[in-house]
Amino acid sequence: MARSTSETGQVLKDYEDVWYGDFSKLDVVSETVSVHSPDIPDGAVHGRDAFERYVREFRAAFPDFHVTVEERLAREPVVMIEWTATGTHEGEFLGDPPTDREFEIMGVSKILIEDGNVREERLYYDLGEMLEQLGLPEG
């Protein structure tokens, strides 16, 4: 059964809230969620607990992290989002101490929603560009 646009919108809103630190909405993420991102050392985190740790660590590194949605295309069960992200490096990131420098990068997320939960997200962006803006070494 296809979800309504408003149901998908609410799932995405709750998921965004988790990324902004509202962990009371963590149940919007499937217990078996997989999140793939260039900044994850093994390429992906698997499971709700691992995802929560990842977001908490990312938010500690970039407390003012913000995403602006530029474009969104939904074709159930997949949502594609083109975004611009910004943040200031105020905590440890990938083992490097804070530089207090800002980043602004563009990227795309492919989000799979199943049974009213985020089942998977694949983030695509240039980690090298982000590291360069932060004054951090690549690799």
# chains A, B, ... in the order shown; residues from 1 in each chain; ligands from 1

$ residues_around --residues "region 7-24 of chain A" --least-positions-apart "5" --cutoff "8 Å" --atoms "only C-alpha atoms" --output "number ranges by chain"
A: 29, 52, 55-56, 59, 65-66, 113, 116-118

$ residues_around --residues "Thr86 (chain A)" --least-positions-apart "3" --cutoff "12 Å" --atoms "only C-alpha atoms" --output "list of chain:residue names"
A:Arg59, A:Phe62, A:Pro63, A:Asp64, A:Phe65, A:His66, A:Val67, A:Thr68, A:Val69, A:Trp83, A:His89, A:Arg101, A:Glu102, A:Phe103, A:Glu104, A:Ile105, A:Met106, A:Gly107, A:Met130, A:Gln133, A:Leu134

$ closest_residue --among "A:Asp100, A:Glu71, A:Glu31, A:Asp126" --to "Gly47 (chain A)" --atoms "only C-alpha atoms"
A:Glu31

$ select_by_dssp --residues "chain A" --states "strand (DSSP E)" --output "ChimeraX atom specification"
/A:29-36,44-46,66-75,78-88,102-114,117-125

$ write_last_selection --atoms "N, CA and C atoms" --output "short mmCIF file (atom, residue, chain, number, x, y, z; two decimals), in the first residue's frame"
data_model
loop_
_atom_site.label_atom_id
_atom_site.label_comp_id
_atom_site.auth_asym_id
_atom_site.auth_seq_id
_atom_site.Cartn_x
_atom_site.Cartn_y
_atom_site.Cartn_z
N VAL A 29 13.39 5.60 12.65
CA VAL A 29 14.44 4.83 11.99
C VAL A 29 14.20 3.35 12.30
N SER A 30 14.25 2.52 11.28
CA SER A 30 14.09 1.08 11.44
C SER A 30 15.16 0.53 12.38
N GLU A 31 14.82 -0.51 13.12
CA GLU A 31 15.81 -1.18 13.99
C GLU A 31 17.01 -1.66 13.18
N THR A 32 16.78 -1.98 11.91
CA THR A 32 17.84 -2.53 11.05
C THR A 32 18.33 -1.52 10.02
N VAL A 33 18.21 -0.24 10.33
CA VAL A 33 18.61 0.81 9.40
C VAL A 33 20.07 0.66 8.98
N SER A 34 20.35 1.05 7.75
CA SER A 34 21.72 1.14 7.23
C SER A 34 21.91 2.55 6.71
N VAL A 35 22.96 3.21 7.15
CA VAL A 35 23.28 4.55 6.67
C VAL A 35 24.70 4.50 6.12
N HIS A 36 24.83 4.87 4.86
CA HIS A 36 26.10 4.85 4.14
C HIS A 36 26.52 6.29 3.89
N ALA A 44 29.62 2.50 6.39
CA ALA A 44 28.21 2.43 6.78
C ALA A 44 28.08 2.10 8.26
N VAL A 45 26.95 2.51 8.82
CA VAL A 45 26.55 2.05 10.15
C VAL A 45 25.28 1.24 9.96
N HIS A 46 25.12 0.23 10.79
CA HIS A 46 23.97 -0.67 10.68
C HIS A 46 23.29 -0.79 12.03
N HIS A 66 23.60 22.19 9.74
CA HIS A 66 22.31 22.53 9.16
C HIS A 66 22.26 22.04 7.71
N VAL A 67 21.09 21.55 7.31
CA VAL A 67 20.87 21.10 5.94
C VAL A 67 19.73 21.91 5.34
N THR A 68 19.97 22.42 4.14
CA THR A 68 18.93 23.09 3.36
C THR A 68 18.57 22.18 2.20
N VAL A 69 17.30 21.82 2.12
CA VAL A 69 16.84 20.98 1.01
C VAL A 69 16.67 21.86 -0.21
N GLU A 70 17.37 21.49 -1.28
CA GLU A 70 17.29 22.25 -2.54
C GLU A 70 16.21 21.66 -3.45
N GLU A 71 16.13 20.33 -3.45
CA GLU A 71 15.18 19.64 -4.34
C GLU A 71 14.84 18.29 -3.71
N ARG A 72 13.59 17.87 -3.86
CA ARG A 72 13.19 16.57 -3.34
C ARG A 72 12.31 15.89 -4.38
N LEU A 73 12.58 14.61 -4.60
CA LEU A 73 11.81 13.80 -5.54
C LEU A 73 11.47 12.50 -4.85
N ALA A 74 10.18 12.22 -4.73
CA ALA A 74 9.73 11.00 -4.06
C ALA A 74 8.98 10.11 -5.03
N ARG A 75 9.39 8.88 -5.09
CA ARG A 75 8.69 7.84 -5.83
C ARG A 75 8.76 6.61 -4.94
N VAL A 78 11.24 5.26 -2.47
CA VAL A 78 12.52 5.97 -2.50
C VAL A 78 12.29 7.48 -2.55
N VAL A 79 13.09 8.19 -1.77
CA VAL A 79 13.08 9.66 -1.78
C VAL A 79 14.51 10.10 -2.09
N MET A 80 14.65 10.96 -3.07
CA MET A 80 15.95 11.55 -3.42
C MET A 80 15.92 13.01 -2.99
N ILE A 81 16.96 13.42 -2.28
CA ILE A 81 17.03 14.80 -1.79
C ILE A 81 18.37 15.39 -2.18
N GLU A 82 18.31 16.52 -2.86
CA GLU A 82 19.51 17.31 -3.14
C GLU A 82 19.59 18.37 -2.05
N TRP A 83 20.75 18.49 -1.41
CA TRP A 83 20.85 19.36 -0.26
C TRP A 83 22.18 20.13 -0.24
N THR A 84 22.17 21.17 0.59
CA THR A 84 23.39 21.90 0.94
C THR A 84 23.52 21.82 2.45
N ALA A 85 24.69 21.41 2.93
CA ALA A 85 24.94 21.29 4.36
C ALA A 85 26.02 22.27 4.79
N THR A 86 25.86 22.80 5.99
CA THR A 86 26.83 23.72 6.57
C THR A 86 27.10 23.32 8.02
N GLY A 87 28.23 23.73 8.51
CA GLY A 87 28.55 23.49 9.91
C GLY A 87 29.91 24.05 10.26
N THR A 88 30.14 24.17 11.56
CA THR A 88 31.42 24.65 12.08
C THR A 88 32.06 23.52 12.88
N GLU A 102 34.52 26.52 9.07
CA GLU A 102 33.19 26.16 8.57
C GLU A 102 33.29 25.40 7.26
N PHE A 103 32.25 24.62 6.97
CA PHE A 103 32.14 23.97 5.67
C PHE A 103 30.77 24.27 5.07
N GLU A 104 30.72 24.20 3.76
CA GLU A 104 29.46 24.25 3.01
C GLU A 104 29.65 23.34 1.81
N ILE A 105 28.86 22.27 1.79
CA ILE A 105 28.96 21.30 0.71
C ILE A 105 27.57 20.98 0.16
N MET A 106 27.55 20.53 -1.07
CA MET A 106 26.31 20.06 -1.68
C MET A 106 26.39 18.54 -1.77
N GLY A 107 25.23 17.92 -1.69
CA GLY A 107 25.19 16.47 -1.79
C GLY A 107 23.80 15.98 -2.13
N VAL A 108 23.69 14.67 -2.18
CA VAL A 108 22.42 14.01 -2.50
C VAL A 108 22.25 12.86 -1.52
N SER A 109 21.02 12.68 -1.06
CA SER A 109 20.67 11.53 -0.23
C SER A 109 19.61 10.71 -0.93
N LYS A 110 19.79 9.41 -0.86
CA LYS A 110 18.79 8.46 -1.35
C LYS A 110 18.26 7.75 -0.10
N ILE A 111 16.99 7.95 0.18
CA ILE A 111 16.39 7.42 1.40
C ILE A 111 15.32 6.41 1.02
N LEU A 112 15.40 5.25 1.65
CA LEU A 112 14.41 4.19 1.45
C LEU A 112 13.51 4.16 2.67
N ILE A 113 12.21 4.32 2.44
CA ILE A 113 11.23 4.28 3.52
C ILE A 113 10.38 3.04 3.36
N GLU A 114 10.31 2.24 4.44
CA GLU A 114 9.49 1.03 4.44
C GLU A 114 8.68 0.99 5.73
N ASN A 117 9.08 3.79 8.28
CA ASN A 117 10.40 4.00 8.89
C ASN A 117 11.46 4.20 7.82
N VAL A 118 12.49 4.94 8.18
CA VAL A 118 13.66 5.04 7.31
C VAL A 118 14.42 3.73 7.45
N ARG A 119 14.54 3.02 6.34
CA ARG A 119 15.21 1.71 6.30
C ARG A 119 16.67 1.85 5.88
N GLU A 120 16.93 2.85 5.00
CA GLU A 120 18.29 3.03 4.50
C GLU A 120 18.46 4.46 4.02
N GLU A 121 19.67 4.98 4.21
CA GLU A 121 20.04 6.25 3.59
C GLU A 121 21.43 6.09 3.01
N ARG A 122 21.59 6.60 1.80
CA ARG A 122 22.90 6.65 1.15
C ARG A 122 23.18 8.12 0.86
N LEU A 123 24.25 8.64 1.47
CA LEU A 123 24.64 10.02 1.29
C LEU A 123 25.78 10.08 0.28
N TYR A 124 25.66 11.00 -0.66
CA TYR A 124 26.68 11.20 -1.68
C TYR A 124 27.14 12.65 -1.63
N TYR A 125 28.43 12.83 -1.31
CA TYR A 125 29.03 14.16 -1.32
C TYR A 125 30.54 14.00 -1.36
#

$ select_by_dssp --residues "region 18-139 of chain A" --states "helix (DSSP H, G or I)" --output "PyMOL selection string"
chain A and resi 18-19+23-28+48-61+127-134

$ atom_distance --atom1 "CA of Asp49 (chain A)" --atom2 "CA of Asp27 (chain A)"
10.8 Å

$ atom_distance --atom1 "CA of Ser37 (chain A)" --atom2 "CA of Tyr54 (chain A)"
10.6 Å

$ closest_residue --among "A:Ser6, A:Val28, A:Gly128, A:Ile40" --to "Asp115 (chain A)" --atoms "only C-alpha atoms"
A:Val28

$ closest_residue --among "A:Pro77, A:Gly43, A:Gly135, A:Gly95" --to "Ala61 (chain A)" --atoms "only C-alpha atoms"
A:Gly95

$ decode --residues "region 29-72 of chain A" --atoms "N, CA and C atoms" --output "tab-separated table (two decimals), in the first residue's frame"
chain	number	residue	atom	x	y	z
A	29	VAL	N	13.39	5.60	12.65
A	29	VAL	CA	14.44	4.83	11.99
A	29	VAL	C	14.20	3.35	12.30
A	30	SER	N	14.25	2.52	11.28
A	30	SER	CA	14.09	1.08	11.44
A	30	SER	C	15.16	0.53	12.38
A	31	GLU	N	14.82	-0.51	13.12
A	31	GLU	CA	15.81	-1.18	13.99
A	31	GLU	C	17.01	-1.66	13.18
A	32	THR	N	16.78	-1.98	11.91
A	32	THR	CA	17.84	-2.53	11.05
A	32	THR	C	18.33	-1.52	10.02
A	33	VAL	N	18.21	-0.24	10.33
A	33	VAL	CA	18.61	0.81	9.40
A	33	VAL	C	20.07	0.66	8.98
A	34	SER	N	20.35	1.05	7.75
A	34	SER	CA	21.72	1.14	7.23
A	34	SER	C	21.91	2.55	6.71
A	35	VAL	N	22.96	3.21	7.15
A	35	VAL	CA	23.28	4.55	6.67
A	35	VAL	C	24.70	4.50	6.12
A	36	HIS	N	24.83	4.87	4.86
A	36	HIS	CA	26.10	4.85	4.14
A	36	HIS	C	26.52	6.29	3.89
A	37	SER	N	27.76	6.62	4.25
A	37	SER	CA	28.25	7.98	4.08
A	37	SER	C	29.76	7.98	3.91
A	38	PRO	N	30.30	8.91	3.12
A	38	PRO	CA	31.74	8.98	2.91
A	38	PRO	C	32.54	9.20	4.20
A	39	ASP	N	31.92	9.80	5.23
A	39	ASP	CA	32.66	10.10	6.45
A	39	ASP	C	32.61	8.99	7.49
A	40	ILE	N	31.94	7.88	7.19
A	40	ILE	CA	31.91	6.74	8.11
A	40	ILE	C	33.10	5.85	7.79
A	41	PRO	N	33.98	5.63	8.77
A	41	PRO	CA	35.21	4.87	8.50
A	41	PRO	C	35.01	3.54	7.77
A	42	ASP	N	34.02	2.76	8.11
A	42	ASP	CA	33.76	1.49	7.42
A	42	ASP	C	32.76	1.65	6.29
A	43	GLY	N	32.36	2.89	5.99
A	43	GLY	CA	31.43	3.15	4.89
A	43	GLY	C	29.97	3.17	5.28
A	44	ALA	N	29.62	2.50	6.39
A	44	ALA	CA	28.21	2.43	6.78
A	44	ALA	C	28.08	2.10	8.26
A	45	VAL	N	26.95	2.51	8.82
A	45	VAL	CA	26.55	2.05	10.15
A	45	VAL	C	25.28	1.24	9.96
A	46	HIS	N	25.12	0.23	10.79
A	46	HIS	CA	23.97	-0.67	10.68
A	46	HIS	C	23.29	-0.79	12.03
A	47	GLY	N	22.00	-0.58	12.04
A	47	GLY	CA	21.21	-0.69	13.26
A	47	GLY	C	20.95	0.67	13.89
A	48	ARG	N	19.82	0.73	14.60
A	48	ARG	CA	19.38	2.00	15.20
A	48	ARG	C	20.40	2.52	16.22
A	49	ASP	N	20.95	1.65	17.06
A	49	ASP	CA	21.90	2.12	18.08
A	49	ASP	C	23.16	2.69	17.45
A	50	ALA	N	23.68	2.02	16.43
A	50	ALA	CA	24.89	2.51	15.75
A	50	ALA	C	24.60	3.83	15.04
A	51	PHE	N	23.40	3.95	14.46
A	51	PHE	CA	23.02	5.20	13.81
A	51	PHE	C	22.95	6.33	14.84
A	52	GLU	N	22.35	6.07	15.99
A	52	GLU	CA	22.25	7.10	17.01
A	52	GLU	C	23.65	7.56	17.45
A	53	ARG	N	24.56	6.61	17.68
A	53	ARG	CA	25.94	6.97	18.06
A	53	ARG	C	26.58	7.85	16.98
A	54	TYR	N	26.39	7.46	15.72
A	54	TYR	CA	26.97	8.21	14.60
A	54	TYR	C	26.44	9.65	14.59
A	55	VAL	N	25.14	9.82	14.71
A	55	VAL	CA	24.55	11.17	14.67
A	55	VAL	C	25.02	11.97	15.88
A	56	ARG	N	25.07	11.35	17.06
A	56	ARG	CA	25.54	12.07	18.24
A	56	ARG	C	26.99	12.54	18.07
A	57	GLU	N	27.84	11.68	17.52
A	57	GLU	CA	29.24	12.05	17.29
A	57	GLU	C	29.35	13.16	16.23
A	58	PHE	N	28.55	13.05	15.17
A	58	PHE	CA	28.58	14.07	14.12
A	58	PHE	C	28.13	15.41	14.67
A	59	ARG	N	27.05	15.39	15.47
A	59	ARG	CA	26.53	16.64	16.05
A	59	ARG	C	27.52	17.22	17.06
A	60	ALA	N	28.28	16.37	17.76
A	60	ALA	CA	29.30	16.87	18.68
A	60	ALA	C	30.42	17.58	17.91
A	61	ALA	N	30.73	17.06	16.72
A	61	ALA	CA	31.76	17.68	15.88
A	61	ALA	C	31.26	18.97	15.25
A	62	PHE	N	29.96	19.00	14.91
A	62	PHE	CA	29.36	20.14	14.21
A	62	PHE	C	28.03	20.52	14.87
A	63	PRO	N	28.09	21.18	16.04
A	63	PRO	CA	26.86	21.48	16.78
A	63	PRO	C	25.87	22.37	16.02
A	64	ASP	N	26.39	23.18	15.09
A	64	ASP	CA	25.50	24.06	14.32
A	64	ASP	C	25.17	23.48	12.94
A	65	PHE	N	25.38	22.18	12.77
A	65	PHE	CA	25.10	21.50	11.51
A	65	PHE	C	23.69	21.83	11.02
A	66	HIS	N	23.60	22.19	9.74
A	66	HIS	CA	22.31	22.53	9.16
A	66	HIS	C	22.26	22.04	7.71
A	67	VAL	N	21.09	21.55	7.31
A	67	VAL	CA	20.87	21.10	5.94
A	67	VAL	C	19.73	21.91	5.34
A	68	THR	N	19.97	22.42	4.14
A	68	THR	CA	18.93	23.09	3.36
A	68	THR	C	18.57	22.18	2.20
A	69	VAL	N	17.30	21.82	2.12
A	69	VAL	CA	16.84	20.98	1.01
A	69	VAL	C	16.67	21.86	-0.21
A	70	GLU	N	17.37	21.49	-1.28
A	70	GLU	CA	17.29	22.25	-2.54
A	70	GLU	C	16.21	21.66	-3.45
A	71	GLU	N	16.13	20.33	-3.45
A	71	GLU	CA	15.18	19.64	-4.34
A	71	GLU	C	14.84	18.29	-3.71
A	72	ARG	N	13.59	17.87	-3.86
A	72	ARG	CA	13.19	16.57	-3.34
A	72	ARG	C	12.31	15.89	-4.38
